[in-house]
Amino acid sequence: MNRTWIILGATSSMARAFARQVASQGAGVLLAGRDGEDLAALAADCALRGARLAEAVAFDARDPAGFAAIVDRAGLEEGEINAAVFVGSMPAQADIDADPGLIDGTVTDSFTGPARFLHLLAPVIEERGMGSIVGVGSVAGDRGRLGNYVYGAAKAGFHTYLSGLRNRLTRAGGHVVTVKPGFVDTAMTWGLPGMFLVASPEKVAADILRAVERRRNVIYTPVFWTLIMLIIRHIPEPVFKKMKI
């Protein structure tokens, strides 16, 4: 069966690793992002790896006027239409504190922009009775922490949206996987203090593909973050608000 993946934020490290892995399985990829030259190079790489289709398409989470064209392009392909969302931005919390106007872009990039796109794609999956959506959130969305609570709030909203979308699409044969990565070696996390147990993008991409194949609902990756976040979620609030994590 033909499979096509729309990959939003395709030039991020995790998205690149994911695109290469699905390309090697023979899937088609629509690589969506803002850097056309970089996307074209990735498309050529995916084609060499065996992708049935490899195209670069323009996507900006802050410009919803371009969303429908991507959904329409995907709809021209036969078979299963899937999407993986790797979009997000994480300004330093200190920068947001100095300029609260940064909140709007953070929320749009990390939650509302991707949600608007997925809401356009959902009817296609329902009509075809198949298809998977991968929404990459973050462990930061599990609890508001001093160092990145605006980004965490955006991802928490995205997690809740994905949960509702999963309930909707399951009834039509589709599926939604919520992915909560810990620290991953990406441009977004480079140079941040307090990093530990940093995972490679390739490891995270493999975990995501395995979750899709097994129709998992929510995963932490690497898997040890399941225990770490279980502990963090259950720290009593009077104690948690005094901690510097």
# chains A, B, ... in the order shown; residues from 1 in each chain; ligands from 1
call {"tool": "residues_around", "arguments": {"residues": "Phe117 in chain A", "least_positions_apart": "5", "cutoff": "12 Å", "atoms": "only C-alpha atoms", "output": "PyMOL selection string"}}
result
chain A and resi 6-8+32+59-72+83-85+87+108-109+111-112+122-124+133+135
call {"tool": "write_last_selection", "arguments": {"atoms": "N, CA, C and O atoms", "output": "compact mmCIF listing (two decimals), in the first residue's frame"}}
result
# COMPACT_ATOMS: atom_id res chain seq x y z
N ILE A 6 3.45 13.60 5.42
CA ILE A 6 3.68 15.04 5.47
C ILE A 6 4.51 15.29 6.73
O ILE A 6 4.08 14.93 7.83
N ILE A 7 5.67 15.89 6.56
CA ILE A 7 6.55 16.11 7.71
C ILE A 7 6.71 17.61 7.91
O ILE A 7 7.36 18.29 7.12
N LEU A 8 6.07 18.12 8.96
CA LEU A 8 6.12 19.55 9.26
C LEU A 8 7.35 19.86 10.10
O LEU A 8 7.63 19.18 11.08
N ALA A 32 7.95 19.69 4.65
CA ALA A 32 7.37 21.02 4.80
C ALA A 32 8.17 21.86 5.79
O ALA A 32 8.48 21.43 6.89
N PHE A 59 6.05 25.73 4.27
CA PHE A 59 5.18 25.70 5.46
C PHE A 59 5.73 26.66 6.50
O PHE A 59 6.92 26.66 6.81
N ASP A 60 4.85 27.48 7.05
CA ASP A 60 5.18 28.36 8.16
C ASP A 60 4.02 28.30 9.13
O ASP A 60 2.88 28.63 8.78
N ALA A 61 4.28 27.85 10.34
CA ALA A 61 3.20 27.67 11.33
C ALA A 61 2.45 28.97 11.60
O ALA A 61 1.29 28.93 12.04
N ARG A 62 3.08 30.10 11.32
CA ARG A 62 2.45 31.39 11.58
C ARG A 62 1.69 31.94 10.37
O ARG A 62 1.17 33.05 10.42
N ASP A 63 1.63 31.16 9.30
CA ASP A 63 0.95 31.61 8.08
C ASP A 63 -0.01 30.53 7.60
O ASP A 63 0.29 29.76 6.68
N PRO A 64 -1.19 30.45 8.21
CA PRO A 64 -2.14 29.39 7.87
C PRO A 64 -2.68 29.45 6.45
O PRO A 64 -3.28 28.47 5.99
N ALA A 65 -2.45 30.54 5.76
CA ALA A 65 -2.95 30.65 4.38
C ALA A 65 -2.35 29.57 3.48
O ALA A 65 -2.95 29.21 2.46
N GLY A 66 -1.19 29.04 3.84
CA GLY A 66 -0.56 28.03 3.00
C GLY A 66 -0.88 26.60 3.38
O GLY A 66 -0.43 25.66 2.70
N PHE A 67 -1.65 26.39 4.43
CA PHE A 67 -1.88 25.03 4.92
C PHE A 67 -2.69 24.18 3.94
O PHE A 67 -2.38 23.00 3.71
N ALA A 68 -3.76 24.74 3.41
CA ALA A 68 -4.67 23.95 2.57
C ALA A 68 -3.96 23.41 1.34
O ALA A 68 -4.26 22.29 0.88
N ALA A 69 -3.01 24.16 0.78
CA ALA A 69 -2.31 23.70 -0.41
C ALA A 69 -1.51 22.43 -0.13
O ALA A 69 -1.42 21.54 -0.99
N ILE A 70 -0.96 22.31 1.06
CA ILE A 70 -0.20 21.11 1.42
C ILE A 70 -1.14 19.92 1.56
O ILE A 70 -0.86 18.82 1.07
N VAL A 71 -2.27 20.13 2.21
CA VAL A 71 -3.26 19.06 2.37
C VAL A 71 -3.78 18.63 0.99
O VAL A 71 -3.93 17.43 0.72
N ASP A 72 -4.05 19.59 0.13
CA ASP A 72 -4.53 19.26 -1.22
C ASP A 72 -3.48 18.46 -1.99
O ASP A 72 -3.83 17.51 -2.72
N ALA A 83 0.87 12.23 8.84
CA ALA A 83 1.57 13.49 9.14
C ALA A 83 2.38 13.34 10.41
O ALA A 83 1.96 12.66 11.35
N ALA A 84 3.54 13.98 10.41
CA ALA A 84 4.38 14.03 11.60
C ALA A 84 4.74 15.49 11.85
O ALA A 84 5.25 16.17 10.97
N VAL A 85 4.45 15.96 13.05
CA VAL A 85 4.62 17.37 13.40
C VAL A 85 5.84 17.53 14.31
O VAL A 85 5.84 17.07 15.46
N VAL A 87 7.22 20.70 14.64
CA VAL A 87 7.31 22.16 14.70
C VAL A 87 7.29 22.65 16.14
O VAL A 87 6.59 22.10 16.99
N THR A 108 2.01 29.80 18.91
CA THR A 108 1.64 29.51 17.51
C THR A 108 2.52 28.41 16.93
O THR A 108 2.03 27.48 16.29
N ASP A 109 3.82 28.53 17.14
CA ASP A 109 4.75 27.54 16.59
C ASP A 109 4.55 26.16 17.21
O ASP A 109 4.63 25.14 16.51
N PHE A 111 1.89 24.99 19.16
CA PHE A 111 0.55 24.44 19.41
C PHE A 111 -0.46 24.85 18.34
O PHE A 111 -0.89 24.03 17.53
N THR A 112 -0.83 26.12 18.30
CA THR A 112 -2.00 26.48 17.50
C THR A 112 -1.78 26.37 16.00
O THR A 112 -2.70 25.98 15.25
N ALA A 122 -7.50 16.23 9.11
CA ALA A 122 -8.33 15.21 9.74
C ALA A 122 -9.44 14.67 8.83
O ALA A 122 -9.64 13.44 8.77
N PRO A 123 -10.17 15.50 8.09
CA PRO A 123 -11.22 14.95 7.22
C PRO A 123 -10.68 14.02 6.14
O PRO A 123 -11.39 13.09 5.72
N VAL A 124 -9.45 14.24 5.67
CA VAL A 124 -8.86 13.35 4.67
C VAL A 124 -8.65 11.96 5.27
O VAL A 124 -8.95 10.93 4.63
N ILE A 133 -1.17 10.16 12.62
CA ILE A 133 -0.60 11.47 12.92
C ILE A 133 0.35 11.30 14.09
O ILE A 133 0.01 10.66 15.10
N GLY A 135 2.35 13.59 16.71
CA GLY A 135 2.50 14.93 17.26
C GLY A 135 3.63 14.94 18.27
O GLY A 135 3.56 14.26 19.29
call {"tool": "closest_atom_pairs", "arguments": {"of": "range 91-209 of chain A", "to": "range 216-226 of chain A", "cutoff": "6 Å", "atoms": "only C-alpha atoms", "output": "CSV"}}
result
residue,atom,partner,partner_atom,distance
A:Val177,CA,A:Asn217,CA,4.8
A:Thr178,CA,A:Val218,CA,4.7
A:Val179,CA,A:Ile219,CA,5.2
A:Lys180,CA,A:Tyr220,CA,4.7
A:Pro181,CA,A:Thr221,CA,4.7
call {"tool": "write_last_selection", "arguments": {"atoms": "N, CA and C atoms", "output": "PDB file, in the first residue's frame"}}
result
ATOM      1  N   VAL A 177      -0.458   9.471  17.585  1.00  0.00           N
ATOM      2  CA  VAL A 177       0.565   9.164  18.588  1.00  0.00           C
ATOM      3  C   VAL A 177       1.105  10.474  19.149  1.00  0.00           C
ATOM      4  N   THR A 178       1.056  10.625  20.455  1.00  0.00           N
ATOM      5  CA  THR A 178       1.666  11.774  21.128  1.00  0.00           C
ATOM      6  C   THR A 178       3.055  11.372  21.589  1.00  0.00           C
ATOM      7  N   VAL A 179       4.053  12.113  21.163  1.00  0.00           N
ATOM      8  CA  VAL A 179       5.448  11.805  21.481  1.00  0.00           C
ATOM      9  C   VAL A 179       5.982  12.874  22.433  1.00  0.00           C
ATOM     10  N   LYS A 180       6.539  12.418  23.547  1.00  0.00           N
ATOM     11  CA  LYS A 180       7.102  13.345  24.539  1.00  0.00           C
ATOM     12  C   LYS A 180       8.588  13.058  24.694  1.00  0.00           C
ATOM     13  N   PRO A 181       9.421  13.731  23.899  1.00  0.00           N
ATOM     14  CA  PRO A 181      10.862  13.511  24.031  1.00  0.00           C
ATOM     15  C   PRO A 181      11.425  14.213  25.263  1.00  0.00           C
TER      16      PRO A 181
END
call {"tool": "residues_around", "arguments": {"residues": "Pro91 in chain A", "least_positions_apart": "4", "cutoff": "9 Å", "atoms": "only C-alpha atoms", "output": "VMD selection string"}}
result
chain A and resid 95 to 96 102 to 103 106 148 151 188
call {"tool": "write_last_selection", "arguments": {"atoms": "all heavy atoms", "output": "short mmCIF file (atom, residue, chain, number, x, y, z; two decimals), in the first residue's frame"}}
result
data_model
loop_
_atom_site.label_atom_id
_atom_site.label_comp_id
_atom_site.auth_asym_id
_atom_site.auth_seq_id
_atom_site.Cartn_x
_atom_site.Cartn_y
_atom_site.Cartn_z
N ASP A 95 14.20 35.66 28.07
CA ASP A 95 13.84 36.54 26.96
C ASP A 95 12.34 36.81 26.94
O ASP A 95 11.90 37.93 26.66
CB ASP A 95 14.28 35.93 25.63
CG ASP A 95 15.79 35.86 25.49
OD1 ASP A 95 16.49 36.61 26.20
OD2 ASP A 95 16.27 35.07 24.65
N ILE A 96 11.56 35.79 27.24
CA ILE A 96 10.11 35.96 27.29
C ILE A 96 9.72 36.87 28.45
O ILE A 96 8.83 37.72 28.34
CB ILE A 96 9.40 34.60 27.40
CG1 ILE A 96 9.64 33.76 26.14
CG2 ILE A 96 7.90 34.78 27.64
CD1 ILE A 96 9.08 32.36 26.21
N LEU A 102 6.81 37.65 22.99
CA LEU A 102 7.32 36.39 22.43
C LEU A 102 6.40 35.21 22.71
O LEU A 102 6.52 34.16 22.07
CB LEU A 102 8.71 36.10 22.99
CG LEU A 102 9.83 37.08 22.60
CD1 LEU A 102 11.11 36.75 23.35
CD2 LEU A 102 10.06 37.05 21.10
N ILE A 103 5.49 35.38 23.65
CA ILE A 103 4.57 34.28 24.00
C ILE A 103 3.73 33.89 22.78
O ILE A 103 3.52 32.70 22.51
CB ILE A 103 3.66 34.68 25.17
CG1 ILE A 103 4.49 34.81 26.46
CG2 ILE A 103 2.54 33.65 25.37
CD1 ILE A 103 3.70 35.33 27.65
N THR A 106 5.60 31.68 20.34
CA THR A 106 5.89 30.37 20.93
C THR A 106 4.66 29.47 20.90
O THR A 106 4.75 28.29 20.53
CB THR A 106 6.38 30.54 22.38
OG1 THR A 106 7.52 31.40 22.41
CG2 THR A 106 6.73 29.20 23.01
N ASN A 148 11.10 27.02 31.75
CA ASN A 148 10.51 27.05 30.40
C ASN A 148 8.99 26.88 30.43
O ASN A 148 8.43 26.18 29.61
CB ASN A 148 11.15 25.98 29.51
CG ASN A 148 10.88 24.57 30.02
OD1 ASN A 148 10.28 24.37 31.07
ND2 ASN A 148 11.30 23.57 29.25
N TYR A 151 6.90 27.69 27.05
CA TYR A 151 7.04 26.59 26.09
C TYR A 151 6.29 25.36 26.59
O TYR A 151 5.57 24.70 25.83
CB TYR A 151 8.51 26.26 25.89
CG TYR A 151 8.78 25.03 25.04
CD1 TYR A 151 8.58 25.04 23.68
CD2 TYR A 151 9.24 23.85 25.65
CE1 TYR A 151 8.84 23.91 22.91
CE2 TYR A 151 9.50 22.72 24.89
CZ TYR A 151 9.29 22.76 23.53
OH TYR A 151 9.55 21.63 22.77
N MET A 188 17.62 23.28 18.90
CA MET A 188 16.83 23.94 19.93
C MET A 188 17.45 23.78 21.32
O MET A 188 17.34 24.68 22.16
CB MET A 188 15.39 23.38 19.93
CG MET A 188 14.46 24.08 20.93
SD MET A 188 12.81 23.35 20.97
CE MET A 188 12.17 23.90 19.39
#
call {"tool": "closest_residue", "arguments": {"among": "A:Cys46, A:Val204, A:Ala74, A:Pro238", "to": "Leu121 in chain A", "atoms": "only C-alpha atoms"}}
result
A:Ala74
call {"tool": "closest_residue", "arguments": {"among": "A:Leu42, A:Phe18, A:Ser163, A:Val139", "to": "Val212 in chain A", "atoms": "only C-alpha atoms"}}
result
A:Phe18
call {"tool": "residues_around", "arguments": {"residues": "Ile81 in chain A", "least_positions_apart": "4", "cutoff": "8 Å", "atoms": "only C-alpha atoms", "output": "ChimeraX atom specification"}}
result
/A:3-6,74-75,77,124-125,130-132
call {"tool": "residues_around", "arguments": {"residues": "Ala153 in chain A", "least_positions_apart": "6", "cutoff": "9 Å", "atoms": "only C-alpha atoms", "output": "short mmCIF file (atom, residue, chain, number, x, y, z; two decimals) with all heavy atoms, in the first residue's frame"}}
result
data_model
loop_
_atom_site.label_atom_id
_atom_site.label_comp_id
_atom_site.auth_asym_id
_atom_site.auth_seq_id
_atom_site.Cartn_x
_atom_site.Cartn_y
_atom_site.Cartn_z
N VAL A 107 3.52 30.02 21.25
CA VAL A 107 2.28 29.24 21.27
C VAL A 107 1.85 28.88 19.85
O VAL A 107 1.39 27.75 19.59
CB VAL A 107 1.17 30.01 22.01
CG1 VAL A 107 -0.18 29.29 21.89
CG2 VAL A 107 1.53 30.17 23.48
N ALA A 140 8.40 18.80 28.75
CA ALA A 140 8.16 20.10 29.37
C ALA A 140 6.67 20.39 29.53
O ALA A 140 6.28 21.21 30.36
CB ALA A 140 8.81 21.21 28.54
N GLY A 141 5.83 19.71 28.75
CA GLY A 141 4.40 19.93 28.83
C GLY A 141 3.72 19.20 29.96
O GLY A 141 2.52 19.39 30.18
N ASP A 142 4.45 18.36 30.68
CA ASP A 142 3.84 17.58 31.76
C ASP A 142 3.65 18.38 33.04
O ASP A 142 2.80 18.05 33.86
CB ASP A 142 4.67 16.34 32.07
CG ASP A 142 4.36 15.19 31.14
OD1 ASP A 142 3.67 15.41 30.13
OD2 ASP A 142 4.81 14.05 31.41
N ARG A 143 4.49 19.41 33.22
CA ARG A 143 4.36 20.22 34.43
C ARG A 143 5.08 21.55 34.21
O ARG A 143 6.15 21.59 33.62
CB ARG A 143 4.95 19.49 35.63
CG ARG A 143 4.55 20.10 36.96
CD ARG A 143 4.78 19.15 38.11
NE ARG A 143 4.16 19.68 39.32
CZ ARG A 143 4.18 19.08 40.50
NH1 ARG A 143 4.78 17.90 40.63
NH2 ARG A 143 3.59 19.62 41.54
N GLY A 144 4.47 22.62 34.69
CA GLY A 144 5.09 23.93 34.53
C GLY A 144 6.33 24.07 35.39
O GLY A 144 6.26 23.95 36.61
#
call {"tool": "atom_distance", "arguments": {"atom1": "CA of Ala58 in chain A", "atom2": "CA of Gly113 in chain A"}}
result
14.0 Å
call {"tool": "closest_residue", "arguments": {"among": "A:Ser138, A:Arg73, A:Lys155, A:Ile208", "to": "Met229 in chain A", "atoms": "only C-alpha atoms"}}
result
A:Ser138
call {"tool": "atom_distance", "arguments": {"atom1": "CA of Arg52 in chain A", "atom2": "CA of Glu213 in chain A"}}
result
19.3 Å
call {"tool": "residues_around", "arguments": {"residues": "Ala43 in chain A", "least_positions_apart": "2", "cutoff": "12 Å", "atoms": "only C-alpha atoms", "output": "ChimeraX atom specification"}}
result
/A:7,10-11,16,19-20,23,28-33,36-41,45-57
call {"tool": "select_by_dssp", "arguments": {"residues": "range 5-236 of chain A", "states": "alpha helix (DSSP H)", "output": "number ranges by chain"}}
result
A: 13-24, 36-48, 67-75, 93-98, 102-107, 113-128, 149-170, 201-213, 225-233
call {"tool": "atom_distance", "arguments": {"atom1": "CA of Gly182 in chain A", "atom2": "CA of Asp207 in chain A"}}
result
12.5 Å
call {"tool": "select_by_dssp", "arguments": {"residues": "range 14-233 of chain A", "states": "strand (DSSP E or B)", "output": "PyMOL selection string"}}
result
chain A and resi 28-33+54-58+80-85+132-136+175-181+184+199+218-221
call {"tool": "write_last_selection", "arguments": {"atoms": "N, CA and C atoms", "output": "short mmCIF file (atom, residue, chain, number, x, y, z; two decimals), in the first residue's frame"}}
result
data_model
loop_
_atom_site.label_atom_id
_atom_site.label_comp_id
_atom_site.auth_asym_id
_atom_site.auth_seq_id
_atom_site.Cartn_x
_atom_site.Cartn_y
_atom_site.Cartn_z
N GLY A 28 6.38 7.85 0.55
CA GLY A 28 6.54 9.17 -0.03
C GLY A 28 6.65 10.20 1.07
N VAL A 29 7.39 11.28 0.83
CA VAL A 29 7.54 12.32 1.84
C VAL A 29 7.30 13.70 1.22
N LEU A 30 6.46 14.46 1.88
CA LEU A 30 6.28 15.88 1.58
C LEU A 30 6.95 16.63 2.72
N LEU A 31 8.07 17.25 2.41
CA LEU A 31 8.92 17.86 3.42
C LEU A 31 8.57 19.34 3.54
N ALA A 32 7.95 19.69 4.65
CA ALA A 32 7.37 21.02 4.80
C ALA A 32 8.17 21.86 5.79
N GLY A 33 8.50 23.08 5.36
CA GLY A 33 9.25 23.98 6.22
C GLY A 33 9.48 25.31 5.54
N ALA A 54 9.41 12.41 -3.12
CA ALA A 54 10.17 13.29 -2.22
C ALA A 54 10.07 14.71 -2.75
N GLU A 55 9.26 15.52 -2.08
CA GLU A 55 9.04 16.90 -2.51
C GLU A 55 9.18 17.85 -1.34
N ALA A 56 9.70 19.03 -1.63
CA ALA A 56 9.76 20.11 -0.65
C ALA A 56 8.54 21.01 -0.84
N VAL A 57 7.89 21.37 0.26
CA VAL A 57 6.74 22.27 0.21
C VAL A 57 6.90 23.34 1.28
N ALA A 58 6.41 24.54 0.98
CA ALA A 58 6.55 25.66 1.91
C ALA A 58 5.55 25.56 3.04
N GLU A 80 -2.48 5.71 1.98
CA GLU A 80 -2.50 6.24 3.34
C GLU A 80 -1.77 7.59 3.42
N ILE A 81 -2.46 8.58 3.97
CA ILE A 81 -1.85 9.89 4.18
C ILE A 81 -1.58 10.05 5.68
N ASN A 82 -0.34 10.33 6.01
CA ASN A 82 0.08 10.46 7.40
C ASN A 82 0.75 11.83 7.60
N ALA A 83 0.87 12.23 8.84
CA ALA A 83 1.57 13.49 9.14
C ALA A 83 2.38 13.34 10.41
N ALA A 84 3.54 13.98 10.41
CA ALA A 84 4.38 14.03 11.60
C ALA A 84 4.74 15.49 11.85
N VAL A 85 4.45 15.96 13.05
CA VAL A 85 4.62 17.37 13.40
C VAL A 85 5.84 17.53 14.31
N SER A 132 -2.06 7.88 10.01
CA SER A 132 -1.52 8.16 11.34
C SER A 132 -1.04 9.60 11.42
N ILE A 133 -1.17 10.16 12.62
CA ILE A 133 -0.60 11.47 12.92
C ILE A 133 0.35 11.30 14.09
N VAL A 134 1.53 11.84 13.94
CA VAL A 134 2.52 11.88 15.02
C VAL A 134 2.64 13.33 15.46
N GLY A 135 2.35 13.59 16.71
CA GLY A 135 2.50 14.93 17.26
C GLY A 135 3.63 14.94 18.27
N VAL A 136 4.69 15.67 17.96
CA VAL A 136 5.85 15.71 18.86
C VAL A 136 5.65 16.85 19.85
N HIS A 175 -5.24 7.05 13.50
CA HIS A 175 -4.58 6.95 14.79
C HIS A 175 -3.69 8.17 15.02
N VAL A 176 -3.52 8.52 16.29
CA VAL A 176 -2.68 9.65 16.69
C VAL A 176 -1.73 9.20 17.79
N VAL A 177 -0.46 9.47 17.59
CA VAL A 177 0.57 9.16 18.59
C VAL A 177 1.10 10.47 19.15
N THR A 178 1.06 10.62 20.46
CA THR A 178 1.67 11.77 21.13
C THR A 178 3.05 11.37 21.59
N VAL A 179 4.05 12.11 21.16
CA VAL A 179 5.45 11.81 21.48
C VAL A 179 5.98 12.87 22.43
N LYS A 180 6.54 12.42 23.55
CA LYS A 180 7.10 13.35 24.54
C LYS A 180 8.59 13.06 24.69
N PRO A 181 9.42 13.73 23.90
CA PRO A 181 10.86 13.51 24.03
C PRO A 181 11.42 14.21 25.26
N VAL A 184 17.03 15.98 23.58
CA VAL A 184 17.47 15.44 22.30
C VAL A 184 18.52 16.39 21.73
N ALA A 199 19.57 12.24 23.99
CA ALA A 199 19.36 11.19 23.00
C ALA A 199 19.69 11.70 21.60
N VAL A 218 0.57 7.26 23.63
CA VAL A 218 1.50 8.25 24.16
C VAL A 218 2.82 7.55 24.47
N ILE A 219 3.92 8.12 24.03
CA ILE A 219 5.22 7.55 24.38
C ILE A 219 6.15 8.65 24.90
N TYR A 220 7.03 8.25 25.80
CA TYR A 220 8.18 9.06 26.18
C TYR A 220 9.39 8.45 25.49
N THR A 221 10.28 9.31 25.02
CA THR A 221 11.47 8.82 24.35
C THR A 221 12.68 9.68 24.73
#
call {"tool": "closest_residue", "arguments": {"among": "A:Glu126, A:Leu230, A:Ser110, A:Phe158", "to": "Thr170 in chain A", "atoms": "only C-alpha atoms"}}
result
A:Glu126
call {"tool": "closest_residue", "arguments": {"among": "A:Gly152, A:Pro236, A:Gly147, A:Gly129", "to": "Gly173 in chain A", "atoms": "only C-alpha atoms"}}
result
A:Gly129
